[in-house]
Every structure is written in C-alpha cells, then in structure tokens.
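This is work_2.txt (compact mmCIF, C-alpha atoms and all ligand atoms).
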```txt
# COMPACT_ATOMS: atom_id res chain seq x y z
CA MET A 1 25.20 152.82 -94.03
CA GLN A 2 26.43 154.71 -97.06
CA ASN A 3 28.05 151.67 -98.64
CA GLN A 4 26.29 148.34 -98.37
CA PRO A 5 26.85 145.06 -100.16
CA TYR A 6 24.26 144.30 -102.78
CA TYR A 7 23.89 142.17 -105.88
CA ARG A 8 23.46 143.73 -109.24
CA PRO A 9 20.43 142.19 -110.94
CA LEU A 10 21.18 139.59 -113.65
CA ARG A 11 24.92 139.57 -112.83
CA GLU A 12 26.77 136.35 -112.08
CA ASN A 13 27.05 135.65 -108.39
CA ASP A 14 28.86 132.99 -106.38
CA PHE A 15 26.56 132.96 -103.39
CA TYR A 16 23.78 130.86 -104.97
CA ALA A 17 24.27 127.42 -106.41
CA ASP A 18 22.81 128.45 -109.78
CA LYS A 19 25.21 131.46 -109.89
CA ARG A 20 22.40 133.93 -110.54
CA SER A 21 21.95 137.06 -108.46
CA ALA A 22 18.31 137.33 -109.64
CA ARG A 23 16.25 134.77 -107.79
CA PRO A 24 13.57 132.82 -109.65
CA ILE A 25 9.96 133.74 -109.01
CA ILE A 26 8.38 131.58 -106.31
CA GLN A 27 5.99 129.05 -107.82
CA GLY A 28 2.43 130.31 -107.88
CA THR A 29 3.45 133.98 -107.90
CA VAL A 30 0.76 136.17 -109.45
CA ALA A 31 1.68 139.48 -111.07
CA ARG A 32 -0.27 142.41 -109.71
CA GLY A 33 -3.57 142.77 -111.57
CA HIS A 34 -3.33 139.26 -113.08
CA LEU A 35 -5.08 137.07 -110.55
CA ASP A 36 -7.61 136.02 -113.23
CA ALA A 37 -9.40 133.84 -110.69
CA ASP A 38 -12.59 133.52 -112.76
CA THR A 39 -11.24 131.00 -115.26
CA TYR A 40 -14.38 130.97 -117.44
CA PHE A 41 -14.40 134.75 -117.78
CA TYR A 42 -10.76 134.75 -118.94
CA THR A 43 -10.75 131.65 -121.16
CA GLY A 44 -14.32 130.83 -122.20
CA LYS A 45 -13.52 127.25 -121.25
CA ILE A 46 -14.79 124.77 -118.70
CA GLY A 47 -11.93 122.35 -118.33
CA SER A 48 -10.76 121.91 -121.90
CA ASN A 49 -14.19 122.42 -123.49
CA ASP A 50 -15.69 125.68 -124.74
CA GLY A 51 -18.50 126.83 -122.47
CA ASP A 52 -21.85 127.91 -123.88
CA TYR A 53 -23.04 130.68 -121.60
CA MET A 54 -22.24 134.35 -121.02
CA PRO A 55 -20.35 135.00 -117.76
CA PHE A 56 -22.45 138.15 -117.17
CA PRO A 57 -25.95 139.26 -118.14
CA VAL A 58 -26.43 140.54 -121.69
CA THR A 59 -28.07 143.95 -121.62
CA ALA A 60 -28.76 146.41 -124.45
CA GLU A 61 -25.58 148.25 -123.36
CA VAL A 62 -23.53 145.06 -123.69
CA MET A 63 -24.93 144.50 -127.18
CA ALA A 64 -24.27 148.10 -128.24
CA ARG A 65 -20.70 147.80 -126.95
CA GLY A 66 -20.28 144.46 -128.72
CA GLN A 67 -21.54 145.92 -131.98
CA GLN A 68 -19.21 148.89 -131.73
CA ARG A 69 -16.16 146.75 -130.88
CA PHE A 70 -17.05 144.20 -133.58
CA ASN A 71 -17.31 146.89 -136.21
CA ILE A 72 -13.89 148.22 -135.19
CA TYR A 73 -11.92 145.00 -134.70
CA CYS A 74 -13.64 142.27 -136.70
CA ALA A 75 -15.68 143.85 -139.52
CA PRO A 76 -12.57 144.89 -141.51
CA CYS A 77 -12.23 141.18 -142.36
CA HIS A 78 -15.51 139.55 -141.38
CA SER A 79 -17.72 142.44 -142.67
CA GLU A 80 -20.45 144.09 -140.65
CA LEU A 81 -22.75 141.20 -141.60
CA GLY A 82 -20.25 138.55 -140.56
CA ASP A 83 -20.23 136.97 -144.02
CA GLY A 84 -16.44 137.26 -144.30
CA ASN A 85 -16.43 139.80 -147.14
CA GLY A 86 -14.69 142.57 -145.21
CA MET A 87 -12.62 145.21 -146.94
CA ILE A 88 -9.27 143.58 -146.07
CA VAL A 89 -10.54 140.33 -147.59
CA GLN A 90 -11.68 142.19 -150.69
CA ARG A 91 -8.09 143.42 -150.96
CA GLY A 92 -6.70 139.89 -150.87
CA PHE A 93 -6.57 138.58 -147.28
CA LYS A 94 -7.70 134.98 -146.68
CA HIS A 95 -11.49 134.72 -146.74
CA PRO A 96 -12.83 133.75 -143.29
CA PRO A 97 -15.87 131.48 -143.12
CA SER A 98 -19.23 133.20 -142.77
CA TYR A 99 -20.62 133.19 -139.23
CA ASN A 100 -23.84 132.00 -140.82
CA THR A 101 -22.74 128.47 -141.44
CA GLU A 102 -24.34 125.55 -139.66
CA ARG A 103 -21.05 124.79 -137.92
CA LEU A 104 -20.52 128.28 -136.50
CA ARG A 105 -24.19 128.73 -135.59
CA LYS A 106 -23.85 125.61 -133.47
CA ALA A 107 -20.46 126.54 -132.01
CA PRO A 108 -20.68 127.38 -128.30
CA ILE A 109 -20.26 131.06 -127.42
CA GLY A 110 -17.05 130.25 -125.54
CA TYR A 111 -15.57 129.19 -128.89
CA PHE A 112 -15.83 132.75 -130.21
CA PHE A 113 -14.20 134.04 -127.05
CA ASP A 114 -11.40 131.53 -127.54
CA VAL A 115 -10.81 132.46 -131.20
CA MET A 116 -10.47 136.14 -130.19
CA THR A 117 -8.17 135.21 -127.29
CA ASN A 118 -5.86 132.81 -129.10
CA GLY A 119 -6.38 133.49 -132.80
CA PHE A 120 -7.31 130.85 -135.35
CA GLY A 121 -5.28 129.78 -138.40
CA ALA A 122 -4.52 132.87 -140.47
CA MET A 123 -6.39 135.10 -138.03
CA PRO A 124 -4.26 136.80 -135.36
CA ASP A 125 -5.45 136.92 -131.77
CA TYR A 126 -7.09 140.06 -130.36
CA ALA A 127 -6.27 139.46 -126.70
CA GLU A 128 -4.04 142.54 -126.55
CA GLN A 129 -6.41 144.95 -128.28
CA VAL A 130 -9.73 143.73 -126.88
CA PRO A 131 -10.05 143.17 -123.10
CA PRO A 132 -12.01 140.10 -121.89
CA GLN A 133 -15.21 142.03 -121.06
CA ASP A 134 -15.31 143.36 -124.63
CA ARG A 135 -14.48 139.97 -126.13
CA TRP A 136 -17.58 138.60 -124.44
CA ALA A 137 -19.65 141.56 -125.67
CA ILE A 138 -18.43 140.86 -129.22
CA ALA A 139 -19.26 137.15 -128.84
CA ALA A 140 -22.80 138.08 -127.74
CA TYR A 141 -23.11 140.41 -130.74
CA ILE A 142 -21.97 137.65 -133.12
CA ARG A 143 -24.84 135.54 -131.79
CA ALA A 144 -27.19 138.40 -132.66
CA LEU A 145 -25.63 138.65 -136.13
CA GLN A 146 -26.20 134.95 -136.64
CA LEU A 147 -29.80 135.25 -135.51
CA SER A 148 -30.31 138.28 -137.76
CA GLN A 149 -29.63 136.09 -140.80
CA HIS A 150 -31.39 133.00 -139.53
CA ALA A 151 -34.41 134.01 -137.45
CA SER A 152 -37.82 132.50 -137.93
CA GLU A 153 -41.22 133.64 -136.74
CA SER A 154 -41.01 131.09 -133.95
CA ASP A 155 -38.16 133.13 -132.43
CA VAL A 156 -40.70 135.83 -131.58
CA ALA A 157 -42.69 135.11 -128.43
CA SER A 158 -46.21 134.06 -129.38
CA GLY A 159 -48.69 136.92 -129.47
CA GLU A 160 -45.89 139.48 -129.66
CA PRO A 161 -45.69 141.65 -132.77
CA ILE A 162 -42.52 141.35 -134.80
CA ALA A 163 -40.40 144.34 -133.81
CA LYS A 164 -39.92 146.97 -136.49
CA GLN A 165 -37.20 148.79 -134.53
CA PRO A 166 -34.05 147.49 -132.84
CA PRO A 167 -34.14 147.63 -129.04
CA PRO A 168 -33.19 150.98 -127.49
CA GLY A 169 -29.43 151.53 -127.38
CA VAL A 170 -28.70 149.30 -130.40
CA MET A 171 -27.84 151.37 -133.42
CA VAL A 172 -28.20 150.18 -136.97
CA SER A 173 -25.12 151.65 -138.55
CA PRO A 174 -25.10 152.49 -142.23
CA PRO A 175 -22.94 150.23 -144.38
CA PHE A 176 -19.32 151.17 -144.94
CA ASP A 177 -18.79 153.63 -147.71
CA THR A 178 -15.17 153.36 -148.73
CA GLN A 179 -14.78 155.01 -152.12
CA GLY A 180 -18.35 154.15 -152.94
CA ALA A 181 -18.00 150.46 -152.04
CA THR A 182 -20.44 149.03 -149.52
CA THR A 183 -20.49 145.70 -147.73
CA ALA A 184 -23.69 144.90 -149.57
CA VAL A 185 -21.91 145.06 -152.91
CA SER A 186 -18.82 143.19 -151.90
CA ALA A 187 -17.42 141.69 -155.08
CA PRO A 188 -13.63 142.02 -155.09
CA PRO A 189 -12.26 144.65 -157.46
CA LYS A 190 -11.27 143.24 -160.84
CA PRO A 191 -7.52 143.31 -161.42
CA ASN A 192 -7.98 145.17 -164.71
CA SER A 193 -10.33 147.80 -163.31
CA ALA A 194 -7.57 150.27 -162.36
CA PRO A 195 -8.26 153.65 -163.92
CA ALA A 196 -6.15 154.45 -166.97
CA ASN A 197 -4.70 157.54 -165.30
CA GLY A 198 -3.25 155.49 -162.44
CA GLY A 199 -5.93 156.56 -160.00
CA GLU A 200 -4.97 160.23 -159.84
CA ALA A 201 -7.84 162.55 -159.10
CA LYS A 202 -8.87 164.60 -162.11
CA PRO A 203 -8.07 168.28 -161.65
C1 LIG B 1 -7.24 140.51 -140.41
C2 LIG B 1 -8.50 139.88 -140.71
C3 LIG B 1 -9.35 139.38 -139.54
C4 LIG B 1 -9.80 140.09 -138.47
C5 LIG B 1 -9.58 141.57 -138.18
C6 LIG B 1 -10.58 139.18 -137.68
N1 LIG B 1 -10.60 137.95 -138.27
FE1 LIG B 1 -11.61 136.30 -137.60
N2 LIG B 1 -10.86 135.22 -139.17
C7 LIG B 1 -10.04 135.72 -140.16
C8 LIG B 1 -9.66 134.65 -141.04
C9 LIG B 1 -8.78 134.77 -142.28
C10 LIG B 1 -10.26 133.47 -140.54
C11 LIG B 1 -10.11 132.06 -141.09
C12 LIG B 1 -8.77 131.57 -140.58
C13 LIG B 1 -8.33 130.26 -141.14
O1 LIG B 1 -9.19 129.40 -141.43
O2 LIG B 1 -7.10 130.09 -141.29
C14 LIG B 1 -11.03 133.89 -139.37
C15 LIG B 1 -11.82 133.04 -138.62
C16 LIG B 1 -12.64 133.44 -137.58
C17 LIG B 1 -13.60 132.60 -136.93
C18 LIG B 1 -14.00 131.21 -137.35
C19 LIG B 1 -13.14 130.13 -136.84
C20 LIG B 1 -13.62 128.81 -137.44
O3 LIG B 1 -13.87 127.89 -136.64
O4 LIG B 1 -13.73 128.69 -138.65
C21 LIG B 1 -14.18 133.35 -135.94
C22 LIG B 1 -15.25 132.90 -134.97
C23 LIG B 1 -13.57 134.66 -135.99
N3 LIG B 1 -12.65 134.68 -137.00
C24 LIG B 1 -13.91 135.69 -135.16
C25 LIG B 1 -13.32 136.96 -135.22
C26 LIG B 1 -13.63 138.03 -134.31
C27 LIG B 1 -14.64 137.96 -133.20
C28 LIG B 1 -12.87 139.10 -134.67
C29 LIG B 1 -12.79 140.46 -134.02
C30 LIG B 1 -12.29 140.48 -132.67
C31 LIG B 1 -12.09 138.70 -135.83
N4 LIG B 1 -12.39 137.39 -136.12
C32 LIG B 1 -11.22 139.52 -136.50
C33 LIG B 1 -9.63 137.02 -140.31
C34 LIG B 1 -9.86 138.03 -139.41
```
Please rewrite the model in this file as structure tokens.
Amino acid sequence: MQNQPYYRPLRENDFYADKRSARPIIQGTVARGHLDADTYFYTGKIGSNDGDYMPFPVTAEVMARGQQRFNIYCAPCHSELGDGNGMIVQRGFKHPPSYNTERLRKAPIGYFFDVMTNGFGAMPDYAEQVPPQDRWAIAAYIRALQLSQHASESDVASGEPIAKQPPPGVMVSPPFDTQGATTAVSAPPKPNSAPANGGEAKP
C-alpha cells in the first residue's frame, strides 16, 4: 500500500503506443465552468453571421453597467462620445472609426460583441478583461451612443414629450478632465507645445 506503481505526468512511458504517460483529453471534454452552451451569448453569432438582438432584456441597470464599463475599457481610445478621439489616440495610437458612421450604425449588435471578443485590426480583444454579460451591456450602450448623435423627433413616441432627463439609473458623467483637456476639445497636442521648462511644475 505504501509503495504503488504510478506514472509521473509528462514523463516518457512504454506502456502506451504514443509513449506518453499523460493521456490526451477525451474528445468533447468540457473544462469545469466552460460549458458555454448558449452559443449566441458567448459569440454574438448565429452560424457564421453576427446576430442583431440582445440575448437578455436591456434594463436601465444594464445600460448603466454598459456605460460604466464602456467608460473604463473603451473610452480611453474611442472617447466617451464614441467618436474615436480618446486620450490614447490623442497621444498617438491609431484612430478608430467613429461609431457614428453609416456603416457602424447599420452593423448588427452582435458585431460589437465580436469585436470586443476577438479584437479588430490594431485593437486588442477584451475577452479577458470584460466578461460576456458586460460585453453585451457595452454593446447595448454603444447603440445608445449612436442614437444620442443621430436621433430624430420620430424616435420619440408620438404625443410623448421629449425627455429632458436621462432615465433613472443612467448617469451623465462629466467629460474627462485630464490636465484641463476634455473630450469635447480633443485636438491632439501640437508637437511644439511642450513648455519651455520641460513640464516641471513651477515652485
Ligand atoms: C487601445 C485603444 C482601444 C481600446 C481601449 C478599444 N478600442 Fe476599439 N478600436 C481601436 C482601434 C485603433 C480601432 C480600429 C482598428 C483598425 O482599423 O485597425 C478600433 C475599432 C473598433 C470598432 C470598429 C470596428 C470596425 O468595423 O471598424 C469597434 C466596434 C470597437 N473598436 C469597439 C470597441 C469597444 C466596445 C471597446 C471597449 C471594450 C474598444 N473598442 C476598446 C482601439 C481601441
């Protein structure tokens, strides 16, 4: 009982034809917590096409969460307006397209989920940092951002007054104020605008 034969993992071994002591995972094995059975929820795709609906209802809480996550993970490049003039871009990163282009307004919501999940061109993916539920919340918020720059009176139900306040739970955050720069005034700094004293604070 004290001493029993066993194979050391990853050591060579003569017993199996492939000479490995570690056996391959049986086909179809699912790691614990990774069943991911709801394909649309985890990919935003129906077959190989992007889907165009939310996999869960959009409530004011979902929008507030989406706004908060967007402002953390996306606004540094895309800006809080989604025009692509984020602070990292102002400091030289590739300029993303504005969300308010015809093409991206027409893009299905699953497309935004997919870009966050797999990245796009120069943009890294955010699958690790942003879990699927939050990626959907961000996608819903991007739709609201697009509407905010492209709404017409016909988007308000007839007879209803045009709202002067955002719905409860949705905060309108003040623009970034990084050293006096705001997203509204988002011209990149001129190369020759460095202070003569090298940027040191005056005593
Ligand atoms: C580090 C900067 C950066 C961050 C952060 C970032 N993006 Fe991007 N994004 C880019 C750049 C750059 C592009 C354009 C990439 C290209 O064309 O090579 C882009 C493109 C996109 C596009 C447009 C794709 C198209 O079809 O043109 C979408 C949608 C998008 N990003 C969504 C997001 C979302 C949502 C987040 C937050 C989870 C995010 N991005 C975070 C830099 C960023």
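Residue nearest Ala60 of chain A, chosen from A:Tyr141, A:Ser148, A:Ala37, A:Ile46 and counting all atoms listed in the file: A:Tyr141.
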Practice item. List all protein, DNA and RNA residues that have an atom no more than 9 Å from any atom of ligand LIG 1 (chain B), counting only C-alpha atoms and all ligand atoms, and report them as a PyMOL selection string. Key: chain A and resi 69-78+82+84+86+88-89+93-99+103-104+107+111-117+119-127+129-130+135+138-139+142
Using only C-alpha atoms, the best pick from A:Glu128, A:Gly110, A:Gly33, A:Gly66 as closest to Ala144 of chain A would be A:Gly66
What does the structure give for the distance between atom CA of Val170 of chain A and atom CA of Gln67 of chain A, in Å to one decimal?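 Interatomic distance, atom CA of Val170 of chain A to atom CA of Gln67 of chain A: 8.1 Å.
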(request) Name all residues at most 9 Å from Ile162 of chain A (count only C-alpha atoms; drop same-chain ones fewer than 3 positions away) and give them as a ChimeraX atom specification. (result) /A:153,156-157
* Asked: Which neighbours of segment 21-31 of chain A fall inside 9 Å, counting all atoms listed in the file, when residues of the same chain fewer than 3 positions from it are skipped, and could you give them as a list in words?
  ->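 Once the nearby chain positions are removed, what remains is Tyr7, Arg8, Pro9, Leu10, Arg11, Glu12, Asn13, Asp14, Phe15, Tyr16, Asp18, His34 and Leu35 of chain A.
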In Å and to one decimal, atom CA of Trp136 of chain A is distant from atom CA of Asn85 of chain A by 22.8 Å
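When atom CA of Asp52 of chain A is paired with atom CA of Ile109 of chain A, their separation reads 5.0 Å.
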